[in-house]
file structure14.cif (mmCIF, C-alpha atoms and all ligand atoms)
data_input
#
loop_
_atom_site.label_atom_id
_atom_site.label_comp_id
_atom_site.auth_asym_id
_atom_site.auth_seq_id
_atom_site.Cartn_x
_atom_site.Cartn_y
_atom_site.Cartn_z
CA MET A 1 98.64 95.34 78.70
CA SER A 2 99.77 97.68 81.46
CA SER A 3 102.90 97.02 83.52
CA ILE A 4 101.36 98.67 86.60
CA LYS A 5 100.35 96.15 89.26
CA ALA A 6 98.13 97.79 91.87
CA VAL A 7 97.08 94.48 93.48
CA GLU A 8 98.92 91.16 93.28
CA TRP A 9 99.10 87.84 95.08
CA VAL A 10 102.77 86.96 95.63
CA ASP A 11 104.06 84.07 97.76
CA GLY A 12 101.02 83.91 100.01
CA LYS A 13 100.86 87.66 100.60
CA LEU A 14 98.75 90.48 99.22
CA VAL A 15 101.05 92.99 97.56
CA LEU A 16 99.65 96.50 97.11
CA LEU A 17 101.23 99.44 95.34
CA ASP A 18 100.86 102.21 97.96
CA GLN A 19 98.82 104.76 96.01
CA THR A 20 99.05 107.33 98.80
CA GLN A 21 102.70 107.80 97.75
CA ILE A 22 102.22 108.13 93.97
CA PRO A 23 103.58 110.07 92.05
CA VAL A 24 106.54 110.70 94.37
CA GLU A 25 107.42 107.14 95.25
CA GLU A 26 106.63 103.60 94.03
CA LYS A 27 106.42 101.62 97.25
CA TYR A 28 104.80 98.20 97.76
CA LEU A 29 103.19 96.83 100.93
CA HIS A 30 103.30 93.07 101.54
CA LEU A 31 100.33 92.24 103.73
CA SER A 32 99.49 89.06 105.63
CA GLU A 33 96.93 90.31 108.17
CA VAL A 34 93.29 91.23 107.57
CA ASP A 35 93.45 94.36 109.76
CA ALA A 36 96.31 95.69 107.64
CA ILE A 37 94.26 95.09 104.46
CA ILE A 38 91.22 96.85 105.96
CA ASP A 39 93.45 99.78 106.93
CA ALA A 40 94.94 99.89 103.41
CA ILE A 41 91.47 99.96 101.85
CA LYS A 42 90.25 102.71 104.21
CA ARG A 43 93.39 104.85 103.64
CA LEU A 44 93.17 104.39 99.86
CA VAL A 45 96.52 102.59 99.62
CA VAL A 46 94.43 100.48 97.24
CA ARG A 47 91.40 102.17 95.72
CA GLY A 48 89.12 102.12 92.72
CA ALA A 49 86.12 99.77 92.72
CA PRO A 50 87.56 96.76 90.80
CA ALA A 51 90.93 96.91 92.61
CA ILE A 52 89.37 96.90 96.09
CA GLY A 53 87.17 94.01 94.96
CA VAL A 54 90.25 91.96 94.04
CA ALA A 55 92.01 93.01 97.26
CA GLY A 56 88.93 91.95 99.26
CA ALA A 57 88.83 88.54 97.57
CA TYR A 58 92.49 87.86 98.40
CA GLY A 59 91.80 89.31 101.86
CA VAL A 60 89.52 86.35 102.59
CA VAL A 61 92.43 83.97 101.86
CA ILE A 62 94.57 86.03 104.25
CA ALA A 63 91.78 85.76 106.86
CA LEU A 64 91.83 81.96 106.59
CA ASP A 65 95.64 81.79 106.76
CA GLU A 66 95.69 84.13 109.75
CA ALA A 67 93.04 82.04 111.50
CA GLU A 68 95.18 78.94 110.99
CA ARG A 69 98.31 80.69 112.32
CA LYS A 70 96.63 82.28 115.33
CA LYS A 71 94.17 79.46 116.01
CA LEU A 72 91.19 81.82 115.74
CA SER A 73 87.62 80.66 116.25
CA ARG A 74 85.13 80.36 113.38
CA GLU A 75 83.27 83.42 114.79
CA GLU A 76 86.44 85.51 114.88
CA VAL A 77 87.18 84.68 111.24
CA GLU A 78 83.60 85.53 110.22
CA ARG A 79 83.87 88.87 112.04
CA SER A 80 87.10 89.81 110.30
CA ILE A 81 85.67 88.86 106.89
CA ASP A 82 82.60 91.04 107.66
CA ALA A 83 84.87 93.96 108.58
CA LEU A 84 86.80 93.48 105.33
CA ARG A 85 83.57 93.43 103.31
CA ASP A 86 82.42 96.68 104.95
CA ALA A 87 85.72 98.56 104.84
CA ARG A 88 84.26 100.96 102.24
CA PRO A 89 80.53 101.03 101.53
CA THR A 90 79.94 102.60 98.11
CA ALA A 91 81.93 100.47 95.66
CA VAL A 92 79.82 97.33 95.30
CA ASN A 93 82.80 95.36 93.96
CA LEU A 94 84.23 94.93 97.46
CA ALA A 95 81.15 93.30 99.01
CA TRP A 96 80.46 91.44 95.73
CA ALA A 97 83.95 89.89 95.61
CA VAL A 98 84.09 89.02 99.33
CA ASP A 99 80.63 87.39 99.14
CA ARG A 100 81.65 85.45 96.04
CA VAL A 101 84.78 83.91 97.57
CA ARG A 102 83.00 83.36 100.89
CA LYS A 103 80.67 80.95 99.13
CA VAL A 104 83.57 78.52 98.60
CA VAL A 105 85.12 78.72 102.09
CA SER A 106 83.56 75.34 102.95
CA GLN A 107 85.63 73.83 100.11
CA GLY A 108 88.88 74.89 101.77
CA ARG A 109 91.55 77.56 101.51
CA ASP A 110 92.83 76.53 98.05
CA ALA A 111 89.34 76.79 96.57
CA VAL A 112 89.06 80.30 98.02
CA LEU A 113 92.42 81.26 96.51
CA ALA A 114 91.37 79.82 93.13
CA GLU A 115 88.15 81.88 93.23
CA ALA A 116 90.10 85.04 94.11
CA HIS A 117 92.48 84.38 91.17
CA GLN A 118 89.42 83.91 88.95
CA ILE A 119 87.98 87.29 90.02
CA ALA A 120 91.33 88.95 89.29
CA LYS A 121 91.48 87.23 85.89
CA GLU A 122 87.94 88.26 84.93
CA ASP A 123 88.75 91.84 85.89
CA ARG A 124 91.98 91.75 83.85
CA LEU A 125 90.11 90.55 80.76
CA SER A 126 87.22 92.99 81.18
CA GLY A 127 89.50 96.00 80.60
CA ASP A 128 90.35 95.13 76.99
CA ALA A 129 86.68 94.48 76.16
CA MET A 130 85.51 97.77 77.71
CA GLY A 131 88.33 99.58 75.91
CA ALA A 132 87.25 98.25 72.52
CA ILE A 133 83.48 98.72 73.07
CA GLY A 134 83.97 102.26 74.44
CA ALA A 135 86.35 103.30 71.65
CA ASP A 136 83.96 101.90 69.01
CA TRP A 137 81.06 103.80 70.63
CA LEU A 138 82.98 107.10 70.50
CA THR A 139 84.01 106.56 66.90
CA ASN A 140 80.47 105.62 65.84
CA HIS A 141 79.07 108.76 67.47
CA LEU A 142 81.83 111.30 66.85
CA GLY A 143 83.70 109.96 63.81
CA ALA A 144 87.19 108.49 63.43
CA LYS A 145 89.13 111.66 64.29
CA PRO A 146 91.43 112.54 67.22
CA LEU A 147 89.35 113.73 70.19
CA THR A 148 89.89 115.79 73.31
CA LEU A 149 88.58 113.69 76.21
CA LEU A 150 87.90 114.72 79.80
CA THR A 151 88.06 112.29 82.71
CA HIS A 152 87.55 112.48 86.46
CA CYS A 153 89.29 110.59 89.29
CA ASN A 154 91.50 107.61 88.38
CA THR A 155 90.06 104.68 86.47
CA GLY A 156 93.20 103.14 85.00
CA SER A 157 95.51 100.28 85.92
CA LEU A 158 95.82 101.69 89.43
CA ALA A 159 92.08 101.20 89.96
CA THR A 160 91.82 97.73 88.39
CA THR A 161 93.94 94.73 87.41
CA SER A 162 93.51 95.66 83.74
CA ILE A 163 94.14 98.64 81.49
CA GLY A 164 91.26 100.27 83.36
CA THR A 165 87.69 101.30 82.72
CA ALA A 166 87.26 104.88 81.47
CA LEU A 167 91.04 105.28 81.24
CA GLY A 168 91.19 101.94 79.45
CA VAL A 169 88.94 103.41 76.76
CA VAL A 170 91.26 106.43 76.59
CA ARG A 171 94.25 104.08 76.23
CA THR A 172 92.53 102.11 73.46
CA MET A 173 91.62 105.34 71.67
CA HIS A 174 95.26 106.43 71.94
CA GLU A 175 96.45 103.12 70.46
CA ARG A 176 94.09 103.78 67.55
CA GLY A 177 95.56 107.27 67.07
CA LEU A 178 92.31 108.91 68.17
CA VAL A 179 93.38 110.98 71.19
CA LYS A 180 94.30 114.61 70.69
CA GLU A 181 94.56 115.36 74.41
CA VAL A 182 93.18 114.24 77.78
CA TYR A 183 91.90 116.73 80.35
CA ALA A 184 92.39 115.06 83.75
CA ASP A 185 90.38 116.66 86.57
CA GLU A 186 92.63 116.94 89.63
CA THR A 187 89.87 115.33 91.76
CA ARG A 188 89.71 117.00 95.15
CA PRO A 189 90.33 116.33 97.96
CA LEU A 190 92.71 113.36 97.49
CA LEU A 191 93.90 114.23 93.99
CA GLN A 192 93.38 110.88 92.26
CA GLY A 193 93.39 112.80 88.95
CA SER A 194 96.53 114.90 89.27
CA ARG A 195 98.51 112.32 91.25
CA LEU A 196 97.36 109.03 89.71
CA THR A 197 95.71 109.57 86.32
CA ALA A 198 98.42 112.03 85.26
CA TRP A 199 101.07 109.52 86.42
CA GLU A 200 99.52 106.79 84.26
CA LEU A 201 99.11 109.08 81.24
CA GLU A 202 102.69 110.28 81.60
CA LYS A 203 103.98 106.68 81.69
CA SER A 204 101.98 105.86 78.54
CA ALA A 205 103.02 109.05 76.71
CA ILE A 206 99.41 110.06 76.18
CA PRO A 207 99.14 113.87 75.83
CA TYR A 208 97.32 115.37 78.82
CA ARG A 209 96.82 118.38 81.00
CA ILE A 210 95.46 118.57 84.55
CA LEU A 211 92.82 121.04 85.66
CA PRO A 212 91.13 121.97 88.93
CA ASP A 213 87.74 120.28 89.30
CA GLY A 214 86.11 123.73 89.19
CA ALA A 215 87.54 124.31 85.70
CA ALA A 216 85.92 121.22 84.18
CA THR A 217 82.54 122.86 83.51
CA MET A 218 84.28 125.85 81.93
CA ALA A 219 86.40 123.57 79.73
CA ILE A 220 83.29 121.70 78.59
CA LEU A 221 81.02 124.72 78.06
CA SER A 222 83.73 126.58 76.14
CA GLY A 223 83.87 123.81 73.52
CA ARG A 224 87.31 122.43 74.41
CA ILE A 225 86.06 118.88 75.11
CA ASP A 226 84.57 116.33 72.67
CA ALA A 227 83.41 113.76 75.25
CA ALA A 228 83.80 112.92 78.96
CA LEU A 229 84.35 109.43 80.41
CA ILE A 230 84.21 108.34 84.02
CA GLY A 231 84.20 105.06 85.94
CA ALA A 232 81.68 103.97 88.57
CA ASP A 233 81.58 102.54 92.07
CA ARG A 234 78.01 101.29 91.87
CA ILE A 235 75.42 101.45 89.09
CA ALA A 236 71.71 101.02 89.89
CA ARG A 237 69.56 99.08 87.43
CA ASN A 238 68.05 102.30 85.99
CA GLY A 239 71.59 103.47 85.13
CA ASP A 240 72.07 106.02 87.95
CA SER A 241 75.81 105.85 88.64
CA ALA A 242 77.80 106.60 91.79
CA ASN A 243 81.33 107.80 91.16
CA LYS A 244 83.94 110.12 92.69
CA ILE A 245 82.60 113.40 94.04
CA GLY A 246 82.49 115.95 91.23
CA SER A 247 81.33 113.51 88.55
CA VAL A 248 77.76 114.83 88.41
CA ALA A 249 78.99 118.37 87.68
CA VAL A 250 80.85 117.00 84.65
CA ALA A 251 77.70 115.17 83.51
CA LEU A 252 75.52 118.27 83.82
CA ALA A 253 78.01 120.33 81.83
CA CYS A 254 78.19 117.67 79.10
CA HIS A 255 74.38 117.62 78.93
CA GLU A 256 74.30 121.41 78.55
CA ALA A 257 77.06 121.32 75.92
CA GLY A 258 75.42 118.43 74.04
CA ILE A 259 78.49 116.19 74.15
CA PRO A 260 78.66 112.48 75.14
CA PHE A 261 79.09 111.54 78.80
CA LEU A 262 80.07 107.86 79.20
CA VAL A 263 80.19 105.69 82.31
CA VAL A 264 82.61 102.78 81.88
CA ALA A 265 82.56 99.93 84.40
CA PRO A 266 82.63 96.13 84.53
CA GLU A 267 79.38 94.19 85.06
CA SER A 268 80.59 93.53 88.64
CA THR A 269 79.91 97.22 89.38
CA VAL A 270 76.24 96.94 88.34
CA ASP A 271 74.04 96.42 91.40
CA ARG A 272 70.65 95.31 90.10
CA SER A 273 69.30 95.12 93.66
CA LYS A 274 69.25 98.93 93.65
CA ARG A 275 66.31 100.41 91.78
CA ASP A 276 67.90 103.84 91.43
CA GLY A 277 70.66 106.04 92.80
CA SER A 278 68.69 107.09 95.89
CA GLU A 279 69.32 103.58 97.28
CA ILE A 280 73.12 103.87 96.97
CA HIS A 281 74.97 104.44 100.26
CA ILE A 282 77.46 107.28 99.87
CA GLU A 283 80.63 107.15 101.97
CA ILE A 284 81.29 110.30 104.00
CA ARG A 285 84.98 110.77 104.79
CA LYS A 286 86.73 112.57 107.61
CA ASP A 287 87.07 116.34 108.13
CA GLU A 288 90.88 116.35 107.94
CA GLU A 289 90.83 115.53 104.22
CA ILE A 290 89.47 119.07 103.70
CA THR A 291 90.67 121.02 106.73
CA HIS A 292 94.27 119.88 106.26
CA PHE A 293 96.54 119.29 103.30
CA LYS A 294 99.41 116.86 103.97
CA GLY A 295 99.32 117.82 107.66
CA LEU A 296 99.12 121.57 106.96
CA GLN A 297 96.06 123.32 108.39
CA VAL A 298 94.10 125.01 105.56
CA ALA A 299 90.81 125.83 107.35
CA PRO A 300 89.85 127.31 110.72
CA LEU A 301 90.26 124.75 113.51
CA GLY A 302 86.89 123.16 114.23
CA ALA A 303 85.39 124.07 110.83
CA LYS A 304 82.49 121.75 110.04
CA THR A 305 82.80 119.91 106.73
CA PHE A 306 80.76 118.11 104.12
CA ASN A 307 83.02 115.49 102.57
CA PRO A 308 81.13 112.88 100.54
CA ALA A 309 83.52 110.61 98.64
CA PHE A 310 81.03 110.05 95.82
CA ASP A 311 78.02 111.54 94.08
CA VAL A 312 75.33 109.98 91.91
CA THR A 313 74.83 111.00 88.30
CA PRO A 314 71.18 110.52 87.29
CA SER A 315 70.88 108.21 84.29
CA LYS A 316 69.20 110.94 82.20
CA TYR A 317 72.60 112.66 81.95
CA ILE A 318 74.45 109.50 80.87
CA SER A 319 74.79 108.84 77.14
CA ALA A 320 75.77 105.18 77.59
CA VAL A 321 77.10 102.75 80.18
CA ILE A 322 79.94 100.69 78.71
CA THR A 323 80.63 97.29 80.27
CA GLU A 324 82.75 94.36 79.03
CA GLN A 325 79.57 92.91 77.52
CA ARG A 326 78.05 95.84 75.65
CA ALA A 327 77.11 99.51 75.48
CA TYR A 328 73.82 100.13 77.30
CA GLU A 329 72.15 103.04 75.52
CA ILE A 330 70.91 104.77 78.66
CA ALA A 331 70.07 107.99 76.80
CA LYS A 332 67.59 105.97 74.73
CA GLY A 333 65.85 104.68 77.89
CA GLU A 334 67.59 101.31 78.17
CA GLN A 335 67.87 99.71 81.65
CA LEU A 336 70.74 97.54 82.83
O1 LIG B 1 87.83 106.90 96.42
P1 LIG B 1 88.35 106.13 95.23
O2 LIG B 1 89.66 106.65 94.75
O3 LIG B 1 88.36 104.65 95.50
O4 LIG B 1 87.29 106.40 94.11
C1 LIG B 1 87.44 105.75 92.89
C2 LIG B 1 86.47 106.15 91.85
O5 LIG B 1 85.55 106.92 92.09
C3 LIG B 1 86.61 105.51 90.52
O6 LIG B 1 86.19 106.37 89.52
C4 LIG B 1 85.76 104.22 90.47
O7 LIG B 1 86.06 103.40 91.56
C5 LIG B 1 85.96 103.48 89.22
S1 LIG B 1 87.58 102.81 89.11
C6 LIG B 1 87.71 101.90 87.69
#
call {"tool": "encode", "arguments": {"input": "structure14.cif", "output": "structure tokens", "more": "lines below"}}
Ligand code: MRU
result
Amino acid sequence: MSSIKAVEWVDGKLVLLDQTQIPVEEKYLHLSEVDAIIDAIKRLVVRGAPAIGVAGAYGVVIALDEAERKKLSREEVERSIDALRDARPTAVNLAWAVDRVRKVVSQGRDAVLAEAHQIAKEDRLSGDAMGAIGADWLTNHLGAKPLTLLTHCNTGSLATTSIGTALGVVRTMHERGLVKEVYADETRPLLQGSRLTAWELEKSAIPYRILPDGAATMAILSGRIDAALIGADRIARNGDSANKIGSVAVALACHEAGIPFLVVAPESTVDRSKRDGSEIHIEIRKDEEITHFKGLQVAPLGAKTFNPAFDVTPSKYISAVITEQRAYEIAKGEQL
């Protein structure tokens, strides 16, 4: 069990570890207004599909408490819950969790809080199951020997309420003595790999190195990597998986090198209403994330940008999707 608490409900407030400040500072925000939660989700104070789902679920409780305090109308509450649900569009967990708790609003605030706690609990438990299923899959396919694993973005305790998804598998492999080293892609432009994944690996004393995203294909094609693991923000029923921008390049390189490429995510990330990846809405983020770095101008003023937060890896490049229930053998044509 990890000691990192990215999202927690404490004394009627939503407490978020401010991930924009990691690894320099461990600062917590105590939020009691929906607008502040929406802002935190948009700014990536809290991020990672399962974690924003849990934050969204507790956000509905905050919306009800705020409505009580400020004597808001039913319509105003509905509008703020809608805005919370839509704060980020690609990770299905946010809309899924908000919709789930919304169903019990008619039963009162305590029922909503109980449902939010239940979502957090299910997420917490899913990490251990994914860790075990993913580690077993790797051992069955590559043998019980220490492996060099590559990962992209951050999929650990910072992105969930558990040990994580892809990084949870890495942690389980480490506990079994099966990790030689982890290659953590830095993950441009917001550096979830070098800032967050490296921070988690450092805390857990798991051997790692960070690399620029552009070096990942070279690392894979040169034979340095045994398998790559990523998380997901939304998985269509044919297995196409949206994840942090740069993921598909890793998948293509793994395909070329003939090594496993695993997507690890809870069932709550599977969106069976989407036939394939072409139906997944990809969030486009603002220019400044590329034209500036921590306030410093790094591109000509007025430069146009292309800044998608996510890409979609076609299922044909995915060896298996690991959830808390099972390993879906996508490479063998299985659907979710
Ligand atoms: O923009 P982010 O940092 O929220 O993107 C997160 C990812 O892409 C993760 O890989 C994904 O949400 C899975 S987290 C277990």
call {"tool": "residues_around", "arguments": {"input": "structure14.cif", "residues": "Arg69 of chain A", "least_positions_apart": "5", "cutoff": "12 Å", "atoms": "all atoms listed in the file", "output": "ChimeraX atom specification"}}
result
/A:32-33,62-64,77
call {"tool": "residues_around", "arguments": {"input": "structure14.cif", "residues": "segment 166-168 of chain A", "least_positions_apart": "4", "cutoff": "7 Å", "atoms": "all atoms listed in the file", "output": "list in words"}}
result
Gly127, Gly131, Thr155, Gly156, Thr172, Leu229, Ile230, Gly231 and Val264 of chain A
call {"tool": "residues_near_ligand", "arguments": {"input": "structure14.cif", "ligand": "ligand LIG 1 (chain B)", "cutoff": "7 Å", "atoms": "only C-alpha atoms and all ligand atoms", "output": "list in words"}}
result
Leu44, Arg47, Gly48, Ala49, Pro50, Ala91, His152, Cys153, Asn154, Thr155, Gly156, Ala159, Thr160, Gly164, Thr165, Ala166, Gln192, Ile230, Gly231, Ala232, Asp233, Asn243, Lys244, Ala265, Ala309 and Phe310 of chain A
call {"tool": "atom_distance", "arguments": {"input": "structure14.cif", "atom1": "atom CA of Asp276 of chain A", "atom2": "atom CA of Thr313 of chain A"}}
result
10.4 Å
call {"tool": "residues_around", "arguments": {"input": "structure14.cif", "residues": "Tyr317 of chain A", "least_positions_apart": "6", "cutoff": "9 Å", "atoms": "only C-alpha atoms", "output": "number ranges by chain"}}
result
A: 240, 248, 251-252, 254-255, 261, 330-331
call {"tool": "closest_residue", "arguments": {"input": "structure14.cif", "among": "A:Lys103, A:Arg79, A:Arg171, A:Arg88", "to": "Val46 of chain A", "atoms": "only C-alpha atoms"}}
result
A:Arg88
call {"tool": "closest_residue", "arguments": {"input": "structure14.cif", "among": "A:Trp9, A:Ala242, A:Ala198, A:Ile290", "to": "Ala114 of chain A", "atoms": "only C-alpha atoms"}}
result
A:Trp9
call {"tool": "residues_around", "arguments": {"input": "structure14.cif", "residues": "Gly134 of chain A", "least_positions_apart": "5", "cutoff": "10 Å", "atoms": "only C-alpha atoms", "output": "list of chain:residue names"}}
result
A:Asp128, A:Ala129, A:Thr139, A:Asn140, A:Thr165, A:Ala166, A:Gly168, A:Val169, A:Val170, A:Thr172, A:Met173, A:Leu229, A:Leu262, A:Val263, A:Val264, A:Ala320, A:Val321, A:Ile322, A:Thr323, A:Glu324, A:Arg326, A:Ala327
call {"tool": "residues_around", "arguments": {"input": "structure14.cif", "residues": "Pro212 of chain A", "least_positions_apart": "3", "cutoff": "7 Å", "atoms": "all atoms listed in the file", "output": "number ranges by chain"}}
result
A: 185-186, 215
call {"tool": "atom_distance", "arguments": {"input": "structure14.cif", "atom1": "atom CA of Ile225 of chain A", "atom2": "atom CA of Val182 of chain A"}}
result
8.9 Å
call {"tool": "closest_residue", "arguments": {"input": "structure14.cif", "among": "A:Leu211, A:Val24, A:Val270, A:Ile81", "to": "Asn238 of chain A", "atoms": "all atoms listed in the file"}}
result
A:Val270
call {"tool": "atom_distance", "arguments": {"input": "structure14.cif", "atom1": "atom CA of Ala144 of chain A", "atom2": "atom CA of Val179 of chain A"}}
result
10.2 Å
call {"tool": "closest_residue", "arguments": {"input": "structure14.cif", "among": "A:Ser157, A:Gln19, A:Thr197, A:Thr148", "to": "Lys180 of chain A", "atoms": "all atoms listed in the file"}}
result
A:Thr148
call {"tool": "axis_aligned_box", "arguments": {"input": "structure14.cif", "around": "segment 264-281 of chain A", "padding_each_side": "5 Å", "output": "JSON"}}
result
{"center_x": 74.5, "center_y": 100.3, "center_z": 91.1, "size_x": 26.3, "size_y": 23.6, "size_z": 28.4}
call {"tool": "closest_residue", "arguments": {"input": "structure14.cif", "among": "A:Ala87, A:Ala253, A:Arg237, A:Val54", "to": "Leu113 of chain A", "atoms": "all atoms listed in the file"}}
result
A:Val54
call {"tool": "closest_residue", "arguments": {"input": "structure14.cif", "among": "A:Arg74, A:Trp96, A:Trp199, A:Arg272", "to": "Glu26 of chain A", "atoms": "all atoms listed in the file"}}
result
A:Trp199
call {"tool": "residues_near_point", "arguments": {"input": "structure14.cif", "point": "(89.6, 117.1, 80.9)", "cutoff": "6 Å", "atoms": "only C-alpha atoms", "output": "list in words"}}
result
Leu149, Leu150, Thr151, Val182, Tyr183, Ala184 and Asp185 of chain A
call {"tool": "build_atoms", "arguments": {"input": "structure14.cif", "residues": "segment 146-154 of chain A", "atoms": "all heavy atoms", "output": "JSON list (two decimals), in the frame of the given file"}}
result
[["chain", "number", "residue", "atom", "x", "y", "z"],
["A", 146, "PRO", "N", 90.86, 112.36, 65.87],
["A", 146, "PRO", "CA", 91.43, 112.54, 67.22],
["A", 146, "PRO", "C", 90.56, 113.46, 68.07],
["A", 146, "PRO", "O", 90.10, 114.51, 67.60],
["A", 146, "PRO", "CB", 92.80, 113.17, 66.95],
["A", 146, "PRO", "CG", 93.13, 112.77, 65.54],
["A", 146, "PRO", "CD", 91.82, 112.75, 64.81],
["A", 147, "LEU", "N", 90.29, 113.02, 69.31],
["A", 147, "LEU", "CA", 89.35, 113.73, 70.19],
["A", 147, "LEU", "C", 90.06, 114.26, 71.44],
["A", 147, "LEU", "O", 91.06, 113.72, 71.88],
["A", 147, "LEU", "CB", 88.25, 112.77, 70.65],
["A", 147, "LEU", "CG", 87.39, 112.12, 69.56],
["A", 147, "LEU", "CD1", 86.42, 111.12, 70.20],
["A", 147, "LEU", "CD2", 86.64, 113.17, 68.75],
["A", 148, "THR", "N", 89.47, 115.31, 72.00],
["A", 148, "THR", "CA", 89.89, 115.79, 73.31],
["A", 148, "THR", "C", 88.90, 115.23, 74.33],
["A", 148, "THR", "O", 87.70, 115.48, 74.23],
["A", 148, "THR", "CB", 89.91, 117.32, 73.36],
["A", 148, "THR", "OG1", 90.82, 117.79, 72.34],
["A", 148, "THR", "CG2", 90.37, 117.83, 74.72],
["A", 149, "LEU", "N", 89.43, 114.43, 75.27],
["A", 149, "LEU", "CA", 88.58, 113.69, 76.21],
["A", 149, "LEU", "C", 88.82, 114.17, 77.64],
["A", 149, "LEU", "O", 89.97, 114.41, 78.03],
["A", 149, "LEU", "CB", 88.90, 112.19, 76.11],
["A", 149, "LEU", "CG", 88.72, 111.59, 74.72],
["A", 149, "LEU", "CD1", 89.34, 110.18, 74.66],
["A", 149, "LEU", "CD2", 87.24, 111.53, 74.33],
["A", 150, "LEU", "N", 87.76, 114.32, 78.40],
["A", 150, "LEU", "CA", 87.90, 114.72, 79.80],
["A", 150, "LEU", "C", 87.58, 113.52, 80.69],
["A", 150, "LEU", "O", 86.64, 112.76, 80.41],
["A", 150, "LEU", "CB", 86.98, 115.89, 80.13],
["A", 150, "LEU", "CG", 87.08, 116.44, 81.56],
["A", 150, "LEU", "CD1", 87.06, 117.98, 81.55],
["A", 150, "LEU", "CD2", 85.96, 115.91, 82.46],
["A", 151, "THR", "N", 88.36, 113.36, 81.77],
["A", 151, "THR", "CA", 88.06, 112.29, 82.71],
["A", 151, "THR", "C", 88.21, 112.79, 84.14],
["A", 151, "THR", "O", 88.85, 113.82, 84.39],
["A", 151, "THR", "CB", 88.92, 111.04, 82.44],
["A", 151, "THR", "OG1", 88.41, 109.95, 83.20],
["A", 151, "THR", "CG2", 90.38, 111.26, 82.78],
["A", 152, "HIS", "N", 87.58, 112.07, 85.06],
["A", 152, "HIS", "CA", 87.55, 112.48, 86.46],
["A", 152, "HIS", "C", 88.02, 111.31, 87.33],
["A", 152, "HIS", "O", 87.71, 110.16, 87.04],
["A", 152, "HIS", "CB", 86.10, 112.85, 86.82],
["A", 152, "HIS", "CG", 85.94, 113.54, 88.13],
["A", 152, "HIS", "ND1", 86.32, 114.85, 88.34],
["A", 152, "HIS", "CD2", 85.45, 113.12, 89.32],
["A", 152, "HIS", "CE1", 86.05, 115.20, 89.59],
["A", 152, "HIS", "NE2", 85.53, 114.15, 90.20],
["A", 153, "CYS", "N", 88.75, 111.61, 88.40],
["A", 153, "CYS", "CA", 89.29, 110.59, 89.29],
["A", 153, "CYS", "C", 90.31, 109.71, 88.54],
["A", 153, "CYS", "O", 90.84, 110.12, 87.50],
["A", 153, "CYS", "CB", 88.19, 109.73, 89.90],
["A", 153, "CYS", "SG", 88.73, 108.81, 91.37],
["A", 154, "ASN", "N", 90.59, 108.54, 89.06],
["A", 154, "ASN", "CA", 91.50, 107.61, 88.38],
["A", 154, "ASN", "C", 90.78, 106.30, 88.13],
["A", 154, "ASN", "O", 90.25, 105.68, 89.06],
["A", 154, "ASN", "CB", 92.77, 107.34, 89.19],
["A", 154, "ASN", "CG", 93.57, 106.21, 88.56],
["A", 154, "ASN", "OD1", 93.43, 105.05, 88.93],
["A", 154, "ASN", "ND2", 94.38, 106.52, 87.56]]
